[in-house]
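Everything on this sheet refers to the single structure shown next.
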Amino acid sequence: MRSSIALLLASLAATVSAHFQLQFPPPRGPFVEDNEPKFCDNYLTPASNRSQFPLSGGFFTLNSEHPSWTAGVLLSTSANPTSFQDFSQVNKFFQVQGEGAFCIPLDLKSSNETGLTNGQNVTIQIVFDGGDGQLYQCADVTLSDSFTIPSNVSCTNATSSGSSASPTPTTAQTSPTGGSNSAGVAQFSSPTSIIVSTFMAVIGMVLVL
């Protein structure tokens with residue numbers, strides 16, 4: 001099924017008019033706007049300096065240049081992931097209303113990627129779509145049972161509530177376990193009510209299989 005994921009995601013790369021920037025965990029390399037529609041922002045080699053990431057109670061942060069967007073998280077346990085075939089889906093695709101900085105919970109211990117352990121090296125790939133094409137950024141991390149995300153890593157959301165036109169509470173507040181700076185983590189509702197286009201719904205179904 002992973003081969004189907006690879007073909008589907010690769011075929012959806014397109015020219016886009018706006019972008020996103022992964023802030024935490026740190027991406028593989030400096031942001032390159034023209035390369036973002038490519039696998040891992042076209043960084044094909046894992047970072048030599050991996051950052052630590054909590055096995056449970058974590059989050060990732062990004063900056064969105066789109067007023068409405070859909071995103072999801074893929075994860076690879078391969079030492080050198082080079083294609084979408086090396087990745088599995090971690091969470092369900094979700095939609096957010098708003099531009100700017102956002103903080104999204106990512107609890108890998110409770111995800112569907114089973115068997116993750118303390119000290120394991122993994123690669124996280126964020127899939128982002130603002131309605132005009134798929135964008136990708138990767139972060140190479142080492143999982144830790146004891147790591148706490150530093151307080152200088154901002155966990156805030158650009159909007160304190162969803163758009164007034166949004167049918168779902170896209171930025172309800174919650175606090176994941178651990179971490180002293182988790183009050184701004186956004187919680188998102190199920191994909192059945194938030195996927196905003198047919199092809200994104202298809203992606204969600206393919207990734208689940």
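Note on naming: chains are A, B, ... as they come in the structure tokens, residues start from 1 per chain, ligands start from 1 in the order shown.
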message: Considering only strand (DSSP E) as DSSP defines it on the backbone, what residues of range 37-186 of chain A qualify? List them as a PyMOL selection string.
response: chain A and resi 51-54+58-64+68-76+88-89+94-97+100-106+121-129+134-144+172-174+185-186
message: Measuring between only C-alpha atoms, which one of A:Phe24, A:Tyr136, A:Phe128, A:Phe94 shows the shortest distance to Pro37 in chain A?
response: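 The answer is A:Tyr136, which sits nearest to Pro37 in chain A.
Shell of Glu99 in chain A at 9 Å, with only C-alpha atoms counted and residues fewer than 6 places along the chain excluded, is Asn63, Ser64, Glu65, His66, Pro67, Ser68, Trp69, Ala158 and Thr159 of chain A.
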message: Ranking A:Val90, A:Ile149, A:Ala101, A:Ala47 by minimum distance to Thr61 in chain A and counting only C-alpha atoms, which one comes first?
response: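 Checking each of A:Val90, A:Ile149, A:Ala101, A:Ala47 against Thr61 in chain A, counting only C-alpha atoms, the winner is A:Ala101.
Between Ser110 in chain A and the candidates A:Arg50, A:Val32, A:Ser146, A:Asn91, the tightest atom-to-atom separation, counting only C-alpha atoms, involves A:Asn91.
Among the candidate residues A:Ser83, A:Ser76, A:Ser111, A:Thr142, the one lying nearest to Lys38 in chain A is A:Ser83, with distances computed using only C-alpha atoms.
Distance check against Gln134 in chain A using only C-alpha atoms: of A:Phe59, A:Phe31, A:Phe39, A:Phe84, the minimum falls on A:Phe39.
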query: When you draw a straight line from CA of Gln52 in chain A to CA of Leu135 in chain A, how long is it in Å?
result: 23.8 Å
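Here CA of Thr77 in chain A and CA of Ser151 in chain A stand 27.5 Å from one another.
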- prompt: Do you have the CA of Lys92 in chain A-CA of Leu62 in chain A distance handy?
  reply: 17.2 Å
field: Spatial neighbours of Asp107 in chain A, 7 Å, only C-alpha atoms, chain gap at least 4 places, as a list in words
entry: Leu55, Ser56, Gly57, Gly58 and Ser111 of chain A
- prompt: With only C-alpha atoms as the atoms that count, which of A:Phe53, A:Gly119, A:Thr70, A:Cys155 lies nearest to Val96 in chain A?
  reply: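 The shortest atom-to-atom distance to Val96 in chain A comes from A:Thr70.
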